[in-house]
Amino acid sequence: MDFSLNDEQKMMIETVRRFIAEELKPLEEEIENQGFLDPSKAQAIHEKSKALGLYAMNMPVELGGGGLSNLDRILCEEQFGHTTDILIRRAFGNVYEPLLHCRGVQVERWLKPAVQGARTCAITITEAGAGSDAAGIKTHAKQTDGGWVLNGSKQFISDGEWSDFFLVSAKTGEKEISMFMVDKGLPGFTIGKNQQMMGLRGTPHLELFFDNVHLEPIALLGEQGQGFKLAMGALNVVRLAQVGARALGKATHVLEMMTGYVNDRKQFGQRIGDFQMVQQMLADSVIEVNATRWMIYHAAWMLDQGADAREQISMVKVYAAETLGRVVDRAVQVFGGMGFCKELSIERYYRDARVYRIFDGTSEIHRGIIAKSTMKKGASLFDVHR
């Protein structure tokens with residue numbers, strides 16, 4: 001086993017780090033204070049990222065993407081965690097894998113423009129009655145002679161303001177879900193309120209409403225009835241990359257801040273890093289961050305080998321999210337009163353971290369998946385020799 005990074009990977013990481021430090025970090029405080037990212041600045045970093053080849057790195061080269069392997073993408077996503085969610089979205093793009101099922105005229109209308117950053121999209125699964133239970137959606141599409149008629153609603157949709165089309169999961173039968181590409185601005189398609197959140201300042205989370213929205217036949221993505229499979233495939237990648245790896249990056253960033261502080265801050269005539277209880281918090285954080293990293297890298301490696309990594313991704317989702325929560329909580333404790341003040345970013349990271357245990361499947365849901373799979377598959381999930 002070779003755990004070293006090659007020169008190309010090191011250069012890629014350094015490029016992403018430098019872009020974040022120079023272009024994104026200076027905007028974080030402004031977003032936190034204003035609650036939004038200025039559209040002109042959003043467009044500027046969007047263009048700069050594309051110029052450097054940092055946009056849509058998960059998409060194939062022949063379409064204009066970066067063509068990264070799952071492991072290489074994870075290395076970048078870990079660095080993305082060092083900055084604010086809305087800046088990640090604007091700079092690096094969310095181009096979802098289900099779009100690769102575009103065929104014929106769909107490729108030129110939706111897929112290629114999305115990869116090239118000319119058009120932007122959001123994926124819409126969550127509804128008021130369907131969160132972790134993605135199969136419980138009520139939004140439905142009825143087939144007609146002229147295509148489809150879409151009715152229903154979605155909530156907590158990130159990027160609803162920025163995106164000009166949406167991947168919408170809808171029931172097309174009693175037990176059948178399909179996915180559609182729905183352009184913003186169609187008659188009957190309206191944007192609802194932005195749900196204000198405890199964290200993730202600057203990232204809108206919108207309601208979407210579909211009232212007899214007429215869709216062309218080509219709006220169907222993939223095959224009819226394939227929507228749940230497409231949605232779950234997309235969520236698996238999101239859980240590993242956008243939740244697991246970004247949680248790791250954020251925890252790493254916070255841990256670095258904590259390390260600097262325990263070396264500099266003095267109480268009772270000595271640096272606080274000399275106190276054993278502070279040392280325990282530091283040591284536990286280092287252990288958990290490293291354990292998280294190898295879990296994530298292993299799951300990404302499995303995907304690159306063509307293996308089924310669903311259970312490993314569920315493990316990553318739980319452990320990375322909860323590690324981030326513990327590390328940031330310790331950081332607040334170590335920074336003391338200043339850790340609770342808005343003057344420092346620690347307070348923001350603490351608020352942002354909480355949702356990682358909820359979105360894209362709660363920790364409880366994923367623990368259930370892991371337990372059921374273990375009872376079915378046995379030691380193969382925890383013994384490397386099985």
# chains A, B, ... in the order shown; residues from 1 in each chain; ligands from 1

$ select_by_dssp --residues "region 47-291 of chain A" --states "helix (DSSP H, G or I)" --output "ChimeraX atom specification"
/A:47-51,61-63,70-80,85-92,97-101,105-116,134-136,217-219,227-264,272-274,276-291

$ residues_around --residues "Leu248 (chain A)" --least-positions-apart "2" --cutoff "9 Å" --atoms "only C-alpha atoms" --output "compact mmCIF listing (two decimals) with C-alpha atoms, in the first residue's frame"
# COMPACT_ATOMS: atom_id res chain seq x y z
CA GLU A 78 -10.97 18.41 1.59
CA GLN A 79 -9.41 21.77 0.75
CA GLY A 81 -13.78 22.64 3.52
CA VAL A 243 -20.16 16.20 3.40
CA GLY A 244 -17.35 13.83 4.36
CA ALA A 245 -14.34 15.48 2.73
CA ARG A 246 -15.49 19.03 3.40
CA LYS A 250 -13.18 22.18 8.10
CA ALA A 251 -12.11 20.09 11.11
CA THR A 252 -8.49 20.25 9.92
CA HIS A 253 -8.69 24.03 9.57
CA VAL A 289 -9.20 13.88 12.10
CA ASN A 290 -6.64 11.34 10.90
CA THR A 292 -11.66 10.37 9.30
CA ARG A 293 -9.18 11.07 6.51
CA ILE A 296 -12.67 8.91 3.31
CA ALA A 320 -16.84 12.81 9.53
CA ALA A 321 -19.91 14.81 10.56
CA THR A 323 -15.81 14.38 14.23
CA LEU A 324 -16.30 17.90 12.92

$ select_by_dssp --residues "region 92-248 of chain A" --states "strand (DSSP E or B)" --output "PDB file with N, CA and C atoms, in the first residue's frame"
ATOM      1  N   CYS A 121     -27.057  24.504 -12.140  1.00  0.00           N
ATOM      2  CA  CYS A 121     -28.231  23.736 -11.729  1.00  0.00           C
ATOM      3  C   CYS A 121     -28.159  23.373 -10.254  1.00  0.00           C
ATOM      4  N   ALA A 122     -29.306  22.978  -9.719  1.00  0.00           N
ATOM      5  CA  ALA A 122     -29.405  22.470  -8.355  1.00  0.00           C
ATOM      6  C   ALA A 122     -30.212  21.184  -8.404  1.00  0.00           C
ATOM      7  N   ILE A 123     -29.945  20.277  -7.489  1.00  0.00           N
ATOM      8  CA  ILE A 123     -30.713  19.042  -7.406  1.00  0.00           C
ATOM      9  C   ILE A 123     -31.770  19.197  -6.324  1.00  0.00           C
ATOM     10  N   THR A 124     -32.994  18.751  -6.598  1.00  0.00           N
ATOM     11  CA  THR A 124     -34.099  18.962  -5.669  1.00  0.00           C
ATOM     12  C   THR A 124     -34.743  17.628  -5.320  1.00  0.00           C
ATOM     13  N   GLU A 127     -38.492  17.386   0.490  1.00  0.00           N
ATOM     14  CA  GLU A 127     -39.810  17.996   0.594  1.00  0.00           C
ATOM     15  C   GLU A 127     -40.188  18.075   2.068  1.00  0.00           C
ATOM     16  N   ALA A 130     -40.575  14.624   3.170  1.00  0.00           N
ATOM     17  CA  ALA A 130     -39.582  13.669   2.677  1.00  0.00           C
ATOM     18  C   ALA A 130     -38.189  14.252   2.823  1.00  0.00           C
ATOM     19  N   HIS A 140     -45.231  15.068  -8.191  1.00  0.00           N
ATOM     20  CA  HIS A 140     -45.522  14.064  -9.206  1.00  0.00           C
ATOM     21  C   HIS A 140     -45.586  14.683 -10.592  1.00  0.00           C
ATOM     22  N   ALA A 141     -45.339  13.853 -11.598  1.00  0.00           N
ATOM     23  CA  ALA A 141     -45.398  14.275 -12.994  1.00  0.00           C
ATOM     24  C   ALA A 141     -46.288  13.302 -13.756  1.00  0.00           C
ATOM     25  N   LYS A 142     -47.254  13.858 -14.483  1.00  0.00           N
ATOM     26  CA  LYS A 142     -48.184  13.041 -15.269  1.00  0.00           C
ATOM     27  C   LYS A 142     -47.845  13.178 -16.745  1.00  0.00           C
ATOM     28  N   GLN A 143     -47.740  12.046 -17.404  1.00  0.00           N
ATOM     29  CA  GLN A 143     -47.391  12.061 -18.815  1.00  0.00           C
ATOM     30  C   GLN A 143     -48.602  12.461 -19.658  1.00  0.00           C
ATOM     31  N   THR A 144     -48.351  13.311 -20.654  1.00  0.00           N
ATOM     32  CA  THR A 144     -49.390  13.756 -21.578  1.00  0.00           C
ATOM     33  C   THR A 144     -48.899  13.566 -23.010  1.00  0.00           C
ATOM     34  N   GLY A 147     -45.814  15.770 -23.469  1.00  0.00           N
ATOM     35  CA  GLY A 147     -44.693  15.673 -22.528  1.00  0.00           C
ATOM     36  C   GLY A 147     -45.144  15.279 -21.136  1.00  0.00           C
ATOM     37  N   TRP A 148     -44.966  16.201 -20.189  1.00  0.00           N
ATOM     38  CA  TRP A 148     -45.283  15.921 -18.790  1.00  0.00           C
ATOM     39  C   TRP A 148     -45.880  17.165 -18.146  1.00  0.00           C
ATOM     40  N   VAL A 149     -46.703  16.947 -17.100  1.00  0.00           N
ATOM     41  CA  VAL A 149     -47.216  18.048 -16.284  1.00  0.00           C
ATOM     42  C   VAL A 149     -46.771  17.801 -14.851  1.00  0.00           C
ATOM     43  N   LEU A 150     -46.000  18.753 -14.306  1.00  0.00           N
ATOM     44  CA  LEU A 150     -45.362  18.611 -12.999  1.00  0.00           C
ATOM     45  C   LEU A 150     -46.115  19.395 -11.939  1.00  0.00           C
ATOM     46  N   ASN A 151     -46.392  18.752 -10.798  1.00  0.00           N
ATOM     47  CA  ASN A 151     -47.041  19.405  -9.658  1.00  0.00           C
ATOM     48  C   ASN A 151     -46.370  18.977  -8.358  1.00  0.00           C
ATOM     49  N   GLY A 152     -46.279  19.921  -7.424  1.00  0.00           N
ATOM     50  CA  GLY A 152     -45.698  19.606  -6.126  1.00  0.00           C
ATOM     51  C   GLY A 152     -44.822  20.728  -5.621  1.00  0.00           C
ATOM     52  N   SER A 153     -43.960  20.403  -4.661  1.00  0.00           N
ATOM     53  CA  SER A 153     -43.086  21.417  -4.068  1.00  0.00           C
ATOM     54  C   SER A 153     -41.837  20.765  -3.504  1.00  0.00           C
ATOM     55  N   LYS A 154     -40.798  21.566  -3.339  1.00  0.00           N
ATOM     56  CA  LYS A 154     -39.542  21.144  -2.732  1.00  0.00           C
ATOM     57  C   LYS A 154     -39.134  22.195  -1.708  1.00  0.00           C
ATOM     58  N   GLN A 155     -38.291  21.806  -0.751  1.00  0.00           N
ATOM     59  CA  GLN A 155     -37.809  22.783   0.223  1.00  0.00           C
ATOM     60  C   GLN A 155     -36.338  22.548   0.544  1.00  0.00           C
ATOM     61  N   PHE A 156     -35.730  23.565   1.183  1.00  0.00           N
ATOM     62  CA  PHE A 156     -34.309  23.539   1.540  1.00  0.00           C
ATOM     63  C   PHE A 156     -33.424  23.351   0.305  1.00  0.00           C
ATOM     64  N   ILE A 157     -33.777  23.996  -0.797  1.00  0.00           N
ATOM     65  CA  ILE A 157     -33.019  23.827  -2.032  1.00  0.00           C
ATOM     66  C   ILE A 157     -31.921  24.882  -2.109  1.00  0.00           C
ATOM     67  N   SER A 158     -30.695  24.424  -1.969  1.00  0.00           N
ATOM     68  CA  SER A 158     -29.546  25.322  -2.050  1.00  0.00           C
ATOM     69  C   SER A 158     -29.354  25.765  -3.496  1.00  0.00           C
ATOM     70  N   PHE A 165     -31.579  26.023 -13.925  1.00  0.00           N
ATOM     71  CA  PHE A 165     -32.413  24.842 -14.104  1.00  0.00           C
ATOM     72  C   PHE A 165     -32.189  23.889 -12.938  1.00  0.00           C
ATOM     73  N   PHE A 166     -33.116  22.947 -12.774  1.00  0.00           N
ATOM     74  CA  PHE A 166     -33.136  22.091 -11.593  1.00  0.00           C
ATOM     75  C   PHE A 166     -33.341  20.631 -11.988  1.00  0.00           C
ATOM     76  N   LEU A 167     -32.674  19.743 -11.251  1.00  0.00           N
ATOM     77  CA  LEU A 167     -32.933  18.313 -11.374  1.00  0.00           C
ATOM     78  C   LEU A 167     -33.995  17.969 -10.340  1.00  0.00           C
ATOM     79  N   VAL A 168     -35.196  17.667 -10.817  1.00  0.00           N
ATOM     80  CA  VAL A 168     -36.351  17.501  -9.938  1.00  0.00           C
ATOM     81  C   VAL A 168     -36.777  16.036  -9.909  1.00  0.00           C
ATOM     82  N   SER A 169     -36.814  15.443  -8.722  1.00  0.00           N
ATOM     83  CA  SER A 169     -37.323  14.081  -8.566  1.00  0.00           C
ATOM     84  C   SER A 169     -38.833  14.155  -8.372  1.00  0.00           C
ATOM     85  N   ALA A 170     -39.558  13.318  -9.113  1.00  0.00           N
ATOM     86  CA  ALA A 170     -41.019  13.343  -9.061  1.00  0.00           C
ATOM     87  C   ALA A 170     -41.569  11.938  -9.291  1.00  0.00           C
ATOM     88  N   LYS A 171     -42.690  11.652  -8.672  1.00  0.00           N
ATOM     89  CA  LYS A 171     -43.343  10.356  -8.866  1.00  0.00           C
ATOM     90  C   LYS A 171     -44.008  10.334 -10.242  1.00  0.00           C
ATOM     91  N   THR A 172     -43.772   9.250 -10.979  1.00  0.00           N
ATOM     92  CA  THR A 172     -44.425   9.066 -12.274  1.00  0.00           C
ATOM     93  C   THR A 172     -45.278   7.808 -12.270  1.00  0.00           C
ATOM     94  N   GLY A 173     -45.479   7.264 -11.098  1.00  0.00           N
ATOM     95  CA  GLY A 173     -46.303   6.074 -10.915  1.00  0.00           C
ATOM     96  C   GLY A 173     -46.464   5.836  -9.429  1.00  0.00           C
ATOM     97  N   GLU A 176     -43.060   4.610  -8.473  1.00  0.00           N
ATOM     98  CA  GLU A 176     -42.062   4.926  -9.496  1.00  0.00           C
ATOM     99  C   GLU A 176     -41.657   6.389  -9.397  1.00  0.00           C
ATOM    100  N   ILE A 177     -40.355   6.631  -9.391  1.00  0.00           N
ATOM    101  CA  ILE A 177     -39.823   7.992  -9.328  1.00  0.00           C
ATOM    102  C   ILE A 177     -38.940   8.226 -10.548  1.00  0.00           C
ATOM    103  N   SER A 178     -39.121   9.369 -11.180  1.00  0.00           N
ATOM    104  CA  SER A 178     -38.294   9.756 -12.318  1.00  0.00           C
ATOM    105  C   SER A 178     -37.651  11.108 -12.020  1.00  0.00           C
ATOM    106  N   MET A 179     -36.667  11.472 -12.835  1.00  0.00           N
ATOM    107  CA  MET A 179     -35.985  12.751 -12.639  1.00  0.00           C
ATOM    108  C   MET A 179     -36.133  13.607 -13.901  1.00  0.00           C
ATOM    109  N   PHE A 180     -36.373  14.906 -13.674  1.00  0.00           N
ATOM    110  CA  PHE A 180     -36.612  15.824 -14.775  1.00  0.00           C
ATOM    111  C   PHE A 180     -35.682  17.034 -14.663  1.00  0.00           C
ATOM    112  N   MET A 181     -35.349  17.594 -15.825  1.00  0.00           N
ATOM    113  CA  MET A 181     -34.606  18.840 -15.887  1.00  0.00           C
ATOM    114  C   MET A 181     -35.606  19.962 -16.145  1.00  0.00           C
ATOM    115  N   VAL A 182     -35.731  20.857 -15.171  1.00  0.00           N
ATOM    116  CA  VAL A 182     -36.780  21.874 -15.206  1.00  0.00           C
ATOM    117  C   VAL A 182     -36.143  23.256 -15.243  1.00  0.00           C
ATOM    118  N   ASP A 183     -36.368  23.973 -16.303  1.00  0.00           N
ATOM    119  CA  ASP A 183     -35.807  25.317 -16.455  1.00  0.00           C
ATOM    120  C   ASP A 183     -36.540  26.324 -15.579  1.00  0.00           C
ATOM    121  N   PHE A 189     -43.964  27.603 -12.447  1.00  0.00           N
ATOM    122  CA  PHE A 189     -42.814  27.317 -11.584  1.00  0.00           C
ATOM    123  C   PHE A 189     -42.466  28.597 -10.826  1.00  0.00           C
ATOM    124  N   THR A 190     -42.626  28.574  -9.508  1.00  0.00           N
ATOM    125  CA  THR A 190     -42.356  29.758  -8.697  1.00  0.00           C
ATOM    126  C   THR A 190     -41.374  29.437  -7.576  1.00  0.00           C
ATOM    127  N   ILE A 191     -40.636  30.461  -7.183  1.00  0.00           N
ATOM    128  CA  ILE A 191     -39.665  30.369  -6.094  1.00  0.00           C
ATOM    129  C   ILE A 191     -40.297  30.928  -4.830  1.00  0.00           C
ATOM    130  N   GLY A 192     -40.234  30.163  -3.742  1.00  0.00           N
ATOM    131  CA  GLY A 192     -40.791  30.595  -2.471  1.00  0.00           C
ATOM    132  C   GLY A 192     -39.769  31.301  -1.602  1.00  0.00           C
ATOM    133  N   LYS A 193     -39.992  31.273  -0.316  1.00  0.00           N
ATOM    134  CA  LYS A 193     -39.138  32.011   0.616  1.00  0.00           C
ATOM    135  C   LYS A 193     -37.786  31.334   0.808  1.00  0.00           C
ATOM    136  N   ASN A 194     -36.843  32.122   1.230  1.00  0.00           N
ATOM    137  CA  ASN A 194     -35.525  31.629   1.623  1.00  0.00           C
ATOM    138  C   ASN A 194     -35.579  31.296   3.105  1.00  0.00           C
ATOM    139  N   HIS A 205     -31.571  28.781   0.997  1.00  0.00           N
ATOM    140  CA  HIS A 205     -32.259  27.482   1.031  1.00  0.00           C
ATOM    141  C   HIS A 205     -33.729  27.757   0.739  1.00  0.00           C
ATOM    142  N   LEU A 206     -34.111  27.541  -0.508  1.00  0.00           N
ATOM    143  CA  LEU A 206     -35.386  28.039  -1.004  1.00  0.00           C
ATOM    144  C   LEU A 206     -36.468  26.969  -1.108  1.00  0.00           C
ATOM    145  N   GLU A 207     -37.705  27.451  -1.145  1.00  0.00           N
ATOM    146  CA  GLU A 207     -38.843  26.619  -1.494  1.00  0.00           C
ATOM    147  C   GLU A 207     -39.078  26.736  -3.001  1.00  0.00           C
ATOM    148  N   LEU A 208     -39.469  25.637  -3.629  1.00  0.00           N
ATOM    149  CA  LEU A 208     -39.840  25.632  -5.034  1.00  0.00           C
ATOM    150  C   LEU A 208     -41.262  25.094  -5.159  1.00  0.00           C
ATOM    151  N   PHE A 209     -42.058  25.722  -6.010  1.00  0.00           N
ATOM    152  CA  PHE A 209     -43.440  25.289  -6.195  1.00  0.00           C
ATOM    153  C   PHE A 209     -43.700  25.024  -7.682  1.00  0.00           C
ATOM    154  N   PHE A 210     -44.355  23.902  -7.970  1.00  0.00           N
ATOM    155  CA  PHE A 210     -44.688  23.517  -9.339  1.00  0.00           C
ATOM    156  C   PHE A 210     -46.206  23.364  -9.448  1.00  0.00           C
ATOM    157  N   ASP A 211     -46.818  24.248 -10.198  1.00  0.00           N
ATOM    158  CA  ASP A 211     -48.278  24.245 -10.360  1.00  0.00           C
ATOM    159  C   ASP A 211     -48.607  24.057 -11.837  1.00  0.00           C
ATOM    160  N   ASN A 212     -48.866  22.794 -12.207  1.00  0.00           N
ATOM    161  CA  ASN A 212     -49.154  22.450 -13.604  1.00  0.00           C
ATOM    162  C   ASN A 212     -48.066  22.976 -14.549  1.00  0.00           C
ATOM    163  N   VAL A 213     -46.836  22.651 -14.224  1.00  0.00           N
ATOM    164  CA  VAL A 213     -45.705  23.054 -15.062  1.00  0.00           C
ATOM    165  C   VAL A 213     -45.580  22.066 -16.224  1.00  0.00           C
ATOM    166  N   HIS A 214     -45.710  22.565 -17.433  1.00  0.00           N
ATOM    167  CA  HIS A 214     -45.634  21.710 -18.617  1.00  0.00           C
ATOM    168  C   HIS A 214     -44.168  21.531 -19.040  1.00  0.00           C
ATOM    169  N   LEU A 215     -43.779  20.268 -19.150  1.00  0.00           N
ATOM    170  CA  LEU A 215     -42.409  19.927 -19.512  1.00  0.00           C
ATOM    171  C   LEU A 215     -42.393  19.222 -20.867  1.00  0.00           C
ATOM    172  N   LEU A 220     -37.220  14.653 -19.427  1.00  0.00           N
ATOM    173  CA  LEU A 220     -36.988  13.433 -18.651  1.00  0.00           C
ATOM    174  C   LEU A 220     -35.515  13.063 -18.723  1.00  0.00           C
ATOM    175  N   LEU A 221     -34.864  12.946 -17.576  1.00  0.00           N
ATOM    176  CA  LEU A 221     -33.446  12.583 -17.512  1.00  0.00           C
ATOM    177  C   LEU A 221     -33.308  11.087 -17.300  1.00  0.00           C
TER     178      LEU A 221
END

$ closest_residue --among "A:Ala128, A:Ala51, A:Ala291, A:Val115" --to "Tyr96 (chain A)" --atoms "only C-alpha atoms"
A:Val115

$ closest_residue --among "A:His46, A:Arg109, A:Arg18, A:Arg330" --to "Gln280 (chain A)" --atoms "only C-alpha atoms"
A:Arg330

$ residues_around --residues "Ile365 (chain A)" --least-positions-apart "2" --cutoff "12 Å" --atoms "only C-alpha atoms" --output "list in words"
Gly131, Ser132, Asp133, Ala134, Glu311, Ser314, Met315, Lys317, Val318, Arg357, Ile358, Phe359, Asp360, Gly361, Thr362, Ser363, Arg367, Gly368, Ile369, Ile370, Ala371 and Lys372 of chain A

$ write_last_selection --atoms "N, CA and C atoms" --output "short mmCIF file (atom, residue, chain, number, x, y, z; two decimals), in the first residue's frame"
data_model
loop_
_atom_site.label_atom_id
_atom_site.label_comp_id
_atom_site.auth_asym_id
_atom_site.auth_seq_id
_atom_site.Cartn_x
_atom_site.Cartn_y
_atom_site.Cartn_z
N GLY A 131 -37.54 13.93 3.96
CA GLY A 131 -36.17 14.38 4.19
C GLY A 131 -35.23 13.21 4.00
N SER A 132 -34.90 12.52 5.09
CA SER A 132 -34.07 11.32 4.97
C SER A 132 -34.78 10.24 4.15
N ASP A 133 -36.12 10.25 4.16
CA ASP A 133 -36.90 9.29 3.38
C ASP A 133 -37.12 9.85 1.97
N ALA A 134 -36.08 9.73 1.14
CA ALA A 134 -36.13 10.33 -0.20
C ALA A 134 -37.20 9.69 -1.07
N GLU A 311 -21.89 1.19 2.08
CA GLU A 311 -21.76 1.13 3.53
C GLU A 311 -20.58 1.97 4.02
N SER A 314 -21.64 5.52 4.11
CA SER A 314 -22.48 5.78 5.29
C SER A 314 -21.61 5.94 6.54
N MET A 315 -20.58 5.10 6.66
CA MET A 315 -19.67 5.22 7.80
C MET A 315 -18.97 6.58 7.78
N LYS A 317 -20.08 9.34 6.35
CA LYS A 317 -21.06 10.38 6.63
C LYS A 317 -21.24 10.58 8.13
N VAL A 318 -21.36 9.48 8.87
CA VAL A 318 -21.55 9.56 10.31
C VAL A 318 -20.29 10.07 11.00
N ARG A 357 -24.61 16.64 10.61
CA ARG A 357 -25.21 15.42 11.13
C ARG A 357 -26.64 15.23 10.65
N ILE A 358 -27.16 16.21 9.89
CA ILE A 358 -28.56 16.16 9.47
C ILE A 358 -28.71 15.97 7.97
N PHE A 359 -28.05 16.86 7.17
CA PHE A 359 -28.36 16.79 5.74
C PHE A 359 -27.76 15.58 5.05
N ASP A 360 -28.41 15.21 3.92
CA ASP A 360 -28.02 14.04 3.13
C ASP A 360 -28.08 12.75 3.94
N GLY A 361 -29.09 12.67 4.78
CA GLY A 361 -29.29 11.49 5.61
C GLY A 361 -28.73 11.71 7.00
N THR A 362 -29.59 11.67 8.00
CA THR A 362 -29.13 11.90 9.37
C THR A 362 -28.18 10.79 9.84
N SER A 363 -27.45 11.08 10.90
CA SER A 363 -26.56 10.07 11.46
C SER A 363 -27.33 8.82 11.86
N ARG A 367 -26.62 5.06 10.53
CA ARG A 367 -26.30 3.98 11.48
C ARG A 367 -27.21 2.78 11.24
N GLY A 368 -28.47 3.06 10.91
CA GLY A 368 -29.39 1.96 10.61
C GLY A 368 -28.94 1.20 9.37
N ILE A 369 -28.49 1.93 8.34
CA ILE A 369 -28.00 1.30 7.11
C ILE A 369 -26.80 0.40 7.41
N ILE A 370 -25.88 0.92 8.21
CA ILE A 370 -24.66 0.17 8.54
C ILE A 370 -25.02 -1.09 9.34
N ALA A 371 -25.90 -0.94 10.31
CA ALA A 371 -26.27 -2.08 11.15
C ALA A 371 -26.96 -3.17 10.34
N LYS A 372 -27.91 -2.79 9.49
CA LYS A 372 -28.63 -3.78 8.68
C LYS A 372 -27.69 -4.48 7.71
#

$ residues_around --residues "Pro113 (chain A)" --least-positions-apart "6" --cutoff "10 Å" --atoms "only C-alpha atoms" --output "PyMOL selection string"
chain A and resi 63-64+107+119-120

$ write_last_selection --atoms "C-alpha atoms" --output "mmCIF file, in the first residue's frame"
data_model
loop_
_atom_site.group_PDB
_atom_site.id
_atom_site.type_symbol
_atom_site.label_atom_id
_atom_site.label_comp_id
_atom_site.auth_asym_id
_atom_site.auth_seq_id
_atom_site.Cartn_x
_atom_site.Cartn_y
_atom_site.Cartn_z
ATOM 1 C CA LEU A 63 -17.086 17.633 -21.768
ATOM 2 C CA GLY A 64 -14.855 20.405 -20.450
ATOM 3 C CA VAL A 107 -26.295 17.174 -24.010
ATOM 4 C CA ARG A 119 -25.606 27.249 -17.000
ATOM 5 C CA THR A 120 -25.930 26.263 -13.348
#

$ closest_atom_pairs --of "region 232-288 of chain A" --to "region 88-95 of chain A" --cutoff "12 Å" --atoms "only C-alpha atoms" --output "tab-separated table"
residue	atom	partner	partner_atom	distance
A:Ala234	CA	A:Val95	CA	10.2
A:Val237	CA	A:Val95	CA	11.4
A:Val238	CA	A:Asn94	CA	9.7
A:Ala241	CA	A:Asn94	CA	11.2
A:Gln242	CA	A:Asn94	CA	9.6
A:Arg246	CA	A:Ile88	CA	10.0

$ write_last_selection --atoms "N, CA and C atoms" --output "JSON list (two decimals), in the first residue's frame"
[["chain", "number", "residue", "atom", "x", "y", "z"],
["A", 234, "ALA", "N", -26.38, 10.20, -6.86],
["A", 234, "ALA", "CA", -25.88, 11.56, -6.64],
["A", 234, "ALA", "C", -25.62, 11.80, -5.16],
["A", 237, "VAL", "N", -22.32, 10.31, -3.80],
["A", 237, "VAL", "CA", -21.15, 11.13, -4.10],
["A", 237, "VAL", "C", -21.14, 12.38, -3.22],
["A", 238, "VAL", "N", -22.29, 13.00, -3.04],
["A", 238, "VAL", "CA", -22.39, 14.18, -2.19],
["A", 238, "VAL", "C", -21.97, 13.85, -0.76],
["A", 241, "ALA", "N", -18.07, 13.37, -0.81],
["A", 241, "ALA", "CA", -17.26, 14.54, -1.19],
["A", 241, "ALA", "C", -17.68, 15.80, -0.46],
["A", 242, "GLN", "N", -18.95, 16.18, -0.61],
["A", 242, "GLN", "CA", -19.40, 17.47, -0.11],
["A", 242, "GLN", "C", -19.73, 17.46, 1.38],
["A", 246, "ARG", "N", -15.45, 17.63, 2.96],
["A", 246, "ARG", "CA", -15.49, 19.03, 3.40],
["A", 246, "ARG", "C", -15.54, 19.14, 4.92]]

$ residues_around --residues "Leu282 (chain A)" --least-positions-apart "2" --cutoff "9 Å" --atoms "only C-alpha atoms" --output "tab-separated table (two decimals) with C-alpha atoms, in the first residue's frame"
chain	number	residue	atom	x	y	z
A	255	LEU	CA	-7.64	22.09	14.56
A	258	MET	CA	-6.64	25.47	17.97
A	259	THR	CA	-3.03	24.30	17.83
A	262	VAL	CA	-2.81	26.59	22.78
A	273	GLY	CA	-1.22	23.75	25.90
A	277	MET	CA	-7.02	18.48	29.91
A	278	VAL	CA	-6.29	20.82	27.00
A	279	GLN	CA	-3.74	18.31	25.71
A	280	GLN	CA	-6.41	15.61	25.76
A	284	ASP	CA	-8.38	13.42	20.59
A	285	SER	CA	-8.95	15.89	17.77
A	286	VAL	CA	-5.75	14.86	15.96
A	287	ILE	CA	-6.64	11.17	16.31
A	327	VAL	CA	-13.45	19.18	17.07
A	330	ARG	CA	-13.43	21.52	21.70
A	331	ALA	CA	-12.13	24.57	19.85

$ atom_distance --atom1 "CA of Arg386 (chain A)" --atom2 "CA of Val316 (chain A)"
20.5 Å

$ atom_distance --atom1 "CA of Thr139 (chain A)" --atom2 "CA of Ile125 (chain A)"
9.4 Å

$ residues_around --residues "Val332 (chain A)" --least-positions-apart "5" --cutoff "12 Å" --atoms "only C-alpha atoms" --output "list in words"
Val254, Leu255, Met257, Met258, Tyr261, Val278, Met281, Gly325, Arg326, Val327, Gly337, Met338, Gly339, Phe340, Cys341, Lys342, Leu344, Ser345, Ile346, Glu347, Arg348, Tyr349, Tyr350 and Arg351 of chain A

$ atom_distance --atom1 "CA of Ser163 (chain A)" --atom2 "CA of Ala114 (chain A)"
10.0 Å

$ closest_residue --among "A:Glu77, A:Asp308, A:Glu174, A:Glu364" --to "Ala247 (chain A)" --atoms "only C-alpha atoms"
A:Glu77

$ residues_around --residues "Pro39 (chain A)" --least-positions-apart "5" --cutoff "12 Å" --atoms "only C-alpha atoms" --output "VMD selection string"
chain A and resid 31 44 to 46 86 to 87 90 161 to 162 202

$ closest_residue --among "A:Glu29, A:Gln267, A:Asp352, A:Phe36" --to "Leu200 (chain A)" --atoms "only C-alpha atoms"
A:Asp352

$ closest_residue --among "A:Leu24, A:Met12, A:Val355, A:Met232" --to "Met198 (chain A)" --atoms "only C-alpha atoms"
A:Val355

$ closest_residue --among "A:Gly35, A:Pro187, A:Pro98, A:Gly269" --to "Asn58 (chain A)" --atoms "only C-alpha atoms"
A:Pro98
